[in-house]
>>> print(open('start_7.tsv').read())   # TSV, C-alpha atoms
chain	number	residue	atom	x	y	z
H	1	MET	CA	210.85	3.55	97.38
H	2	SER	CA	210.83	5.64	94.26
H	3	THR	CA	213.09	7.96	92.40
H	4	ASP	CA	212.97	9.83	89.16
H	5	LEU	CA	216.44	8.53	88.27
H	6	ILE	CA	215.33	4.92	88.00
H	7	PRO	CA	212.46	3.93	85.67
H	8	GLY	CA	209.38	3.47	87.82
H	9	GLU	CA	208.30	0.25	86.16
H	10	LEU	CA	211.59	-1.37	87.16
H	11	LEU	CA	210.89	-0.59	90.82
H	12	GLN	CA	207.41	-2.09	90.73
H	13	SER	CA	208.25	-5.75	90.35
H	14	PHE	CA	211.34	-7.34	91.76
H	15	THR	CA	211.83	-10.78	90.33
H	16	THR	CA	214.26	-11.71	93.08
H	17	VAL	CA	213.73	-10.83	96.74
H	18	VAL	CA	215.74	-11.55	99.88
H	19	ASP	CA	213.15	-11.40	102.66
H	20	PRO	CA	213.75	-9.61	105.97
H	21	SER	CA	214.44	-12.85	107.84
H	22	ALA	CA	216.90	-14.17	105.27
H	23	ARG	CA	220.63	-14.56	105.77
H	24	VAL	CA	222.38	-15.06	102.45
H	25	VAL	CA	226.01	-15.48	101.48
H	26	GLY	CA	226.94	-15.97	97.86
H	27	THR	CA	226.54	-14.59	94.37
H	28	PHE	CA	223.53	-13.45	92.40
H	29	SER	CA	224.00	-13.05	88.67
H	30	SER	CA	221.71	-12.51	85.74
H	31	ALA	CA	222.21	-11.68	82.08
H	32	ASP	CA	218.72	-10.31	81.53
H	33	ASP	CA	216.71	-7.48	83.05
H	34	SER	CA	216.32	-9.11	86.45
H	35	CYS	CA	215.75	-6.89	89.46
H	36	ILE	CA	216.70	-7.82	92.99
H	37	ARG	CA	215.57	-6.33	96.28
H	38	ILE	CA	217.45	-7.01	99.50
H	39	ASP	CA	215.26	-6.74	102.61
H	40	GLY	CA	217.41	-9.06	104.73
H	41	ARG	CA	221.12	-9.68	105.13
H	42	PHE	CA	223.42	-10.43	102.22
H	43	ARG	CA	227.12	-10.82	101.80
H	44	GLY	CA	228.67	-11.42	98.40
H	45	ASN	CA	228.42	-10.27	94.81
H	46	ILE	CA	225.55	-9.18	92.63
H	47	THR	CA	225.95	-8.74	88.88
H	48	LEU	CA	222.93	-7.94	86.75
H	49	GLY	CA	222.37	-7.49	83.03
H	50	PRO	CA	220.96	-4.52	81.11
H	51	SER	CA	218.09	-2.66	82.82
H	52	GLY	CA	218.78	-4.56	86.02
H	53	VAL	CA	218.07	-2.89	89.36
H	54	VAL	CA	219.63	-3.68	92.72
H	55	ALA	CA	217.62	-2.18	95.56
H	56	ILE	CA	218.59	-2.35	99.21
H	57	SER	CA	215.56	-1.48	101.32
H	58	ASP	CA	215.86	0.47	104.55
H	59	GLY	CA	215.93	-2.76	106.54
H	60	GLY	CA	218.45	-4.42	104.27
H	61	VAL	CA	222.03	-5.09	105.28
H	62	VAL	CA	224.56	-5.74	102.53
H	63	GLU	CA	228.13	-6.33	103.70
H	64	ASP	CA	231.43	-6.87	101.98
H	65	ALA	CA	229.66	-6.76	98.64
H	66	HIS	CA	230.50	-6.04	95.06
H	67	VAL	CA	227.38	-4.92	93.25
H	68	GLU	CA	227.15	-4.10	89.57
H	69	ALA	CA	223.96	-3.18	87.72
H	70	ASP	CA	222.50	-0.46	85.52
H	71	TYR	CA	220.62	1.00	88.49
H	72	ILE	CA	221.43	0.80	92.18
H	73	LEU	CA	219.18	2.14	94.93
H	74	ILE	CA	220.50	2.10	98.47
H	75	SER	CA	218.15	2.79	101.36
H	76	GLY	CA	219.77	0.53	103.93
H	77	TYR	CA	223.19	-0.51	105.13
H	78	PHE	CA	225.87	-1.15	102.53
H	79	THR	CA	229.58	-1.80	102.72
H	80	GLY	CA	231.57	-2.62	99.63
H	81	THR	CA	231.68	-1.48	96.05
H	82	ALA	CA	228.60	-0.37	94.16
H	83	HIS	CA	229.00	0.21	90.46
H	84	ALA	CA	225.99	1.58	88.64
H	85	ARG	CA	226.36	1.53	84.88
H	86	LEU	CA	223.66	4.21	84.75
H	87	SER	CA	222.22	5.73	87.94
H	88	LEU	CA	223.08	5.30	91.59
H	89	VAL	CA	220.75	6.66	94.27
H	90	VAL	CA	221.43	6.81	98.01
H	91	THR	CA	218.36	7.73	100.04
H	92	GLU	CA	218.03	9.39	103.43
H	93	LYS	CA	218.11	6.25	105.60
H	94	ALA	CA	221.13	4.79	103.89
H	95	ASP	CA	224.39	4.04	105.65
H	96	VAL	CA	227.08	3.49	103.04
H	97	ARG	CA	230.78	2.73	103.32
H	98	GLY	CA	233.12	1.78	100.56
H	99	GLU	CA	233.20	2.80	96.94
H	100	LEU	CA	230.45	4.21	94.75
H	101	ARG	CA	230.90	4.29	90.99
H	102	TYR	CA	228.40	5.49	88.42
H	103	SER	CA	228.36	6.35	84.73
H	104	SER	CA	225.36	8.59	84.39
H	105	THR	CA	223.89	10.05	87.57
H	106	LEU	CA	224.62	9.92	91.26
H	107	ARG	CA	222.20	11.29	93.82
H	108	VAL	CA	222.87	11.19	97.54
H	109	HIS	CA	220.24	12.41	100.00
H	110	GLN	CA	221.59	15.05	102.36
H	111	ALA	CA	220.62	12.95	105.39
H	112	ALA	CA	222.30	9.80	104.15
H	113	ARG	CA	225.36	8.60	106.02
H	114	VAL	CA	228.08	8.09	103.48
H	115	ARG	CA	231.75	7.33	104.04
H	116	ALA	CA	232.81	6.27	100.60
H	117	SER	CA	234.96	7.16	97.70
H	118	ILE	CA	232.85	8.35	94.81
H	119	ALA	CA	234.01	8.29	91.23
H	120	PRO	CA	232.64	8.06	87.74
H	121	SER	CA	232.88	4.67	86.10
H	122	LYS	CA	236.45	3.66	85.33
H	123	ILE	CA	235.47	2.63	81.81
H	124	ASP	CA	234.16	6.10	81.06
H	125	VAL	CA	237.27	7.73	82.52
H	126	ASP	CA	239.57	5.62	80.33
H	127	ALA	CA	237.47	6.37	77.24
H	128	ALA	CA	237.69	10.09	77.94
H	129	LEU	CA	241.49	9.90	78.15
H	130	LEU	CA	241.68	8.07	74.83
H	131	ASP	CA	239.47	10.68	73.14
H	132	SER	CA	241.68	13.48	74.38
H	133	ASN	CA	244.85	12.03	72.81
A	1	MET	CA	198.06	-55.93	109.49
A	2	ASP	CA	200.75	-53.29	109.22
A	3	ASP	CA	203.92	-54.72	107.87
A	4	HIS	CA	205.79	-51.45	108.33
A	5	ARG	CA	206.54	-51.18	104.63
A	6	LEU	CA	206.44	-47.77	103.12
A	7	HIS	CA	203.08	-46.88	101.65
A	8	VAL	CA	203.28	-44.13	99.10
A	9	GLU	CA	200.14	-42.67	97.67
A	10	LEU	CA	200.39	-41.63	94.05
A	11	GLY	CA	197.75	-38.98	93.99
A	12	GLN	CA	196.36	-36.79	91.31
A	13	ALA	CA	198.53	-33.96	90.13
A	14	SER	CA	197.29	-30.88	91.85
A	15	SER	CA	197.46	-27.45	90.36
A	16	THR	CA	198.16	-25.77	93.65
A	17	PRO	CA	200.57	-26.86	96.30
A	18	SER	CA	198.76	-29.06	98.81
A	19	ASN	CA	201.00	-28.39	101.72
A	20	VAL	CA	202.47	-25.07	100.92
A	21	THR	CA	200.97	-21.68	101.37
A	22	ILE	CA	203.48	-19.36	99.82
A	23	LYS	CA	203.91	-16.75	102.50
A	24	ALA	CA	205.58	-13.47	101.92
A	25	GLY	CA	209.18	-14.50	101.64
A	26	SER	CA	212.11	-14.74	99.33
A	27	ARG	CA	212.09	-15.35	95.64
A	28	ILE	CA	214.76	-16.30	93.12
A	29	GLY	CA	213.36	-15.21	89.81
A	30	HIS	CA	213.53	-16.74	86.36
A	31	GLY	CA	216.87	-15.93	84.78
A	32	MET	CA	218.58	-15.35	88.14
A	33	VAL	CA	221.45	-17.58	89.17
A	34	PHE	CA	222.28	-17.86	92.87
A	35	GLU	CA	225.38	-19.65	94.15
A	36	GLY	CA	225.91	-19.89	97.88
A	37	GLN	CA	224.03	-20.42	101.12
A	38	PHE	CA	220.48	-19.10	101.43
A	39	PHE	CA	218.86	-19.26	104.86
A	40	THR	CA	215.38	-17.96	105.60
A	41	GLY	CA	212.76	-18.02	108.34
A	42	GLN	CA	209.92	-17.64	105.85
A	43	SER	CA	209.96	-19.17	102.39
A	44	VAL	CA	211.98	-19.21	99.21
A	45	ASP	CA	210.21	-19.54	95.88
A	46	VAL	CA	212.68	-20.65	93.20
A	47	HIS	CA	212.08	-19.96	89.54
A	48	GLY	CA	215.72	-19.70	88.48
A	49	THR	CA	218.97	-21.53	89.13
A	50	VAL	CA	220.54	-22.34	92.47
A	51	ARG	CA	223.84	-23.95	93.41
A	52	GLY	CA	224.53	-24.47	97.09
A	53	THR	CA	222.17	-24.56	100.07
A	54	LEU	CA	218.53	-23.59	100.63
A	55	ALA	CA	217.65	-23.98	104.27
A	56	GLN	CA	215.50	-22.72	107.10
A	57	LEU	CA	217.06	-20.76	109.91
A	58	PRO	CA	217.48	-22.65	113.19
A	59	GLY	CA	214.32	-22.42	115.24
A	60	HIS	CA	212.16	-21.56	112.23
A	61	THR	CA	209.87	-23.57	109.97
A	62	ALA	CA	210.35	-22.47	106.41
A	63	GLU	CA	209.14	-23.51	102.99
A	64	VAL	CA	211.17	-24.18	99.88
A	65	ILE	CA	209.33	-24.27	96.57
A	66	LEU	CA	210.96	-25.26	93.27
A	67	GLN	CA	208.80	-24.01	90.44
A	68	PRO	CA	208.60	-25.75	87.03
A	69	GLY	CA	211.65	-24.71	85.06
A	70	SER	CA	213.87	-24.18	88.06
A	71	ASP	CA	217.25	-25.89	88.16
A	72	VAL	CA	218.68	-26.53	91.60
A	73	GLN	CA	221.86	-28.31	92.63
A	74	ALA	CA	221.72	-28.03	96.36
A	75	GLN	CA	221.05	-29.32	99.78
A	76	ILE	CA	217.55	-28.36	100.86
A	77	ARG	CA	216.54	-28.37	104.50
A	78	ALA	CA	213.08	-27.08	105.41
A	79	HIS	CA	209.76	-27.98	107.04
A	80	ALA	CA	207.79	-27.86	103.79
A	81	ILE	CA	209.38	-28.73	100.47
A	82	ASP	CA	207.53	-28.55	97.18
A	83	LEU	CA	209.42	-29.87	94.16
A	84	GLY	CA	208.07	-28.81	90.78
A	85	GLY	CA	211.47	-28.25	89.22
A	86	LYS	CA	214.74	-30.07	88.83
A	87	LEU	CA	216.76	-30.94	91.90
A	88	THR	CA	220.12	-32.63	92.11
A	89	GLY	CA	221.26	-32.99	95.66
A	90	LYS	CA	219.89	-33.78	99.06
A	91	ILE	CA	216.59	-33.15	100.79
A	92	ASP	CA	216.50	-33.08	104.55
A	93	ASN	CA	213.00	-32.66	105.99
A	94	PRO	CA	212.67	-34.33	109.41
A	95	SER	CA	209.40	-32.67	110.44
A	96	GLY	CA	207.08	-31.77	107.60
A	97	LEU	CA	205.85	-32.79	104.17
A	98	THR	CA	207.91	-33.17	101.01
A	99	VAL	CA	205.93	-33.14	97.77
A	100	LEU	CA	207.21	-34.11	94.33
A	101	ARG	CA	205.05	-32.65	91.56
A	102	HIS	CA	204.60	-34.26	88.18
A	103	THR	CA	206.80	-31.52	86.71
A	104	GLY	CA	209.59	-32.19	89.16
A	105	SER	CA	212.64	-34.42	89.16
A	106	VAL	CA	214.93	-35.41	91.97
A	107	LYS	CA	218.35	-37.01	91.75
A	108	GLY	CA	220.23	-37.74	94.92
A	109	GLU	CA	219.00	-38.35	98.43
A	110	ILE	CA	215.67	-37.69	100.11
A	111	ARG	CA	215.45	-37.82	103.88
A	112	TYR	CA	211.81	-37.20	104.71
A	113	HIS	CA	209.24	-37.33	107.46
A	114	GLN	CA	206.21	-37.37	105.17
A	115	ILE	CA	206.37	-37.64	101.40
A	116	GLN	CA	203.85	-37.29	98.62
A	117	LEU	CA	204.70	-38.28	95.05
A	118	GLU	CA	202.48	-36.88	92.31
A	119	GLY	CA	204.53	-38.26	89.47
A	120	GLY	CA	207.78	-36.74	88.43
A	121	VAL	CA	211.11	-38.47	88.19
A	122	VAL	CA	212.88	-39.89	91.22
A	123	VAL	CA	216.40	-41.24	90.95
A	124	ALA	CA	217.20	-41.04	94.60
A	125	SER	CA	217.52	-42.92	97.81
A	126	LEU	CA	214.65	-42.42	100.23
A	127	ALA	CA	214.95	-42.64	103.99
A	128	ARG	CA	212.30	-41.96	106.59
A	129	ILE	CA	213.54	-39.80	109.43
A	130	GLY	CA	211.95	-37.86	112.21
A	131	ALA	CA	209.39	-39.05	114.81
A	132	VAL	CA	207.81	-42.40	113.97
A	133	ASN	CA	204.07	-42.77	114.67
A	134	THR	CA	203.36	-45.94	116.59
>>> encode(input="start_7.tsv", output="structure tokens")
Amino acid sequence: MSTDLIPGELLQSFTTVVDPSARVVGTFSSADDSCIRIDGRFRGNITLGPSGVVAISDGGVVEDAHVEADYILISGYFTGTAHARLSLVVTEKADVRGELRYSSTLRVHQAARVRASIAPSKIDVDAALLDSN
Amino acid sequence: MDDHRLHVELGQASSTPSNVTIKAGSRIGHGMVFEGQFFTGQSVDVHGTVRGTLAQLPGHTAEVILQPGSDVQAQIRAHAIDLGGKLTGKIDNPSGLTVLRHTGSVKGEIRYHQIQLEGGVVVASLARIGAVNT
């Protein structure tokens, strides 16, 4: 998987991986630049620090999740809320339902299946309202 | 004459796992904290922090590896368990080999079929389970 919206070096080495056979329920969290790739099934929350990447591969299934990271790349199945503090990318094999929030860039492939509300980050919206007053 | 007491070989510290070939599998990286239940049919290589359960899927034989520096409070159930980090909790390995490295520490309960201690710290109860060779 690759995209020009997410730094290539961050996609090269995932420090945390959920393998295709794995079934995981819980919470992943990191304060540093950890990157996580979901190839299996996951249900729960993921919160990463600056420069963190959450990638759901085309075989990955993420359900009832709340995901927050600088970069989010969805190529598989996702239901829940995805909040990208920078870029959010949904590729052609993705099947997404829920809520997508982003602060910088959102790209959705035309073949992706998306039934989600899409909005800029709430923090940025509030800041814009304050600036206008 | 066998007196059926436990014989534990304290071998040399080995630089590579003696019973574990790290297959393509899962990884919990340094700096990552996982809380919950983690089931796999392959392996999970832990460098970070875990609270909860690390276990093999029913019908599978999986490997759990705790790397030096890892901090795990969990129940671990797998066919091959390699402890180089810190574990507080319970080990349940009725079929394969459990290895405690010199960098590892275990506090809690170890239910094992085969065990190999290469140093490390053990503050735990040990119980042999699984098929007994006669």
>>> residues_near_point(input="start_7.tsv", point="(221.9, 7.1, 88.2)", cutoff="6 Å", atoms="only C-alpha atoms", output="ChimeraX atom specification")
/H:5,86-88,104-106
>>> interface_residues(input="start_7.tsv", of="chain A", to="chain H", cutoff="12 Å", atoms="only C-alpha atoms", output="PyMOL selection string")
chain A and resi 23-58+60-62
>>> residues_near_point(input="start_7.tsv", point="(210.3, -33.0, 96.6)", cutoff="6 Å", atoms="all atoms listed in the file", output="mmCIF file with C-alpha atoms, keeping the file's coordinate frame")
data_model
loop_
_atom_site.group_PDB
_atom_site.id
_atom_site.type_symbol
_atom_site.label_atom_id
_atom_site.label_comp_id
_atom_site.auth_asym_id
_atom_site.auth_seq_id
_atom_site.Cartn_x
_atom_site.Cartn_y
_atom_site.Cartn_z
ATOM 1 C CA ILE A 81 209.380 -28.730 100.470
ATOM 2 C CA ASP A 82 207.530 -28.550 97.180
ATOM 3 C CA LEU A 83 209.420 -29.870 94.160
ATOM 4 C CA THR A 98 207.910 -33.170 101.010
ATOM 5 C CA VAL A 99 205.930 -33.140 97.770
ATOM 6 C CA LEU A 100 207.210 -34.110 94.330
#
>>> closest_residue(input="start_7.tsv", among="A:Gln114, A:Ser125, A:Thr103, A:Gln73", to="A:Gly89", atoms="only C-alpha atoms")
A:Gln73
>>> residues_around(input="start_7.tsv", residues="H:Val114", least_positions_apart="5", cutoff="9 Å", atoms="only C-alpha atoms", output="list of chain:residue names")
H:Val90, H:Ala94, H:Asp95, H:Val96, H:Arg97, H:Gly98, H:Val108
>>> atom_distance(input="start_7.tsv", atom1="atom CA of A:Gly119", atom2="atom CA of A:Gln75")
21.4 Å
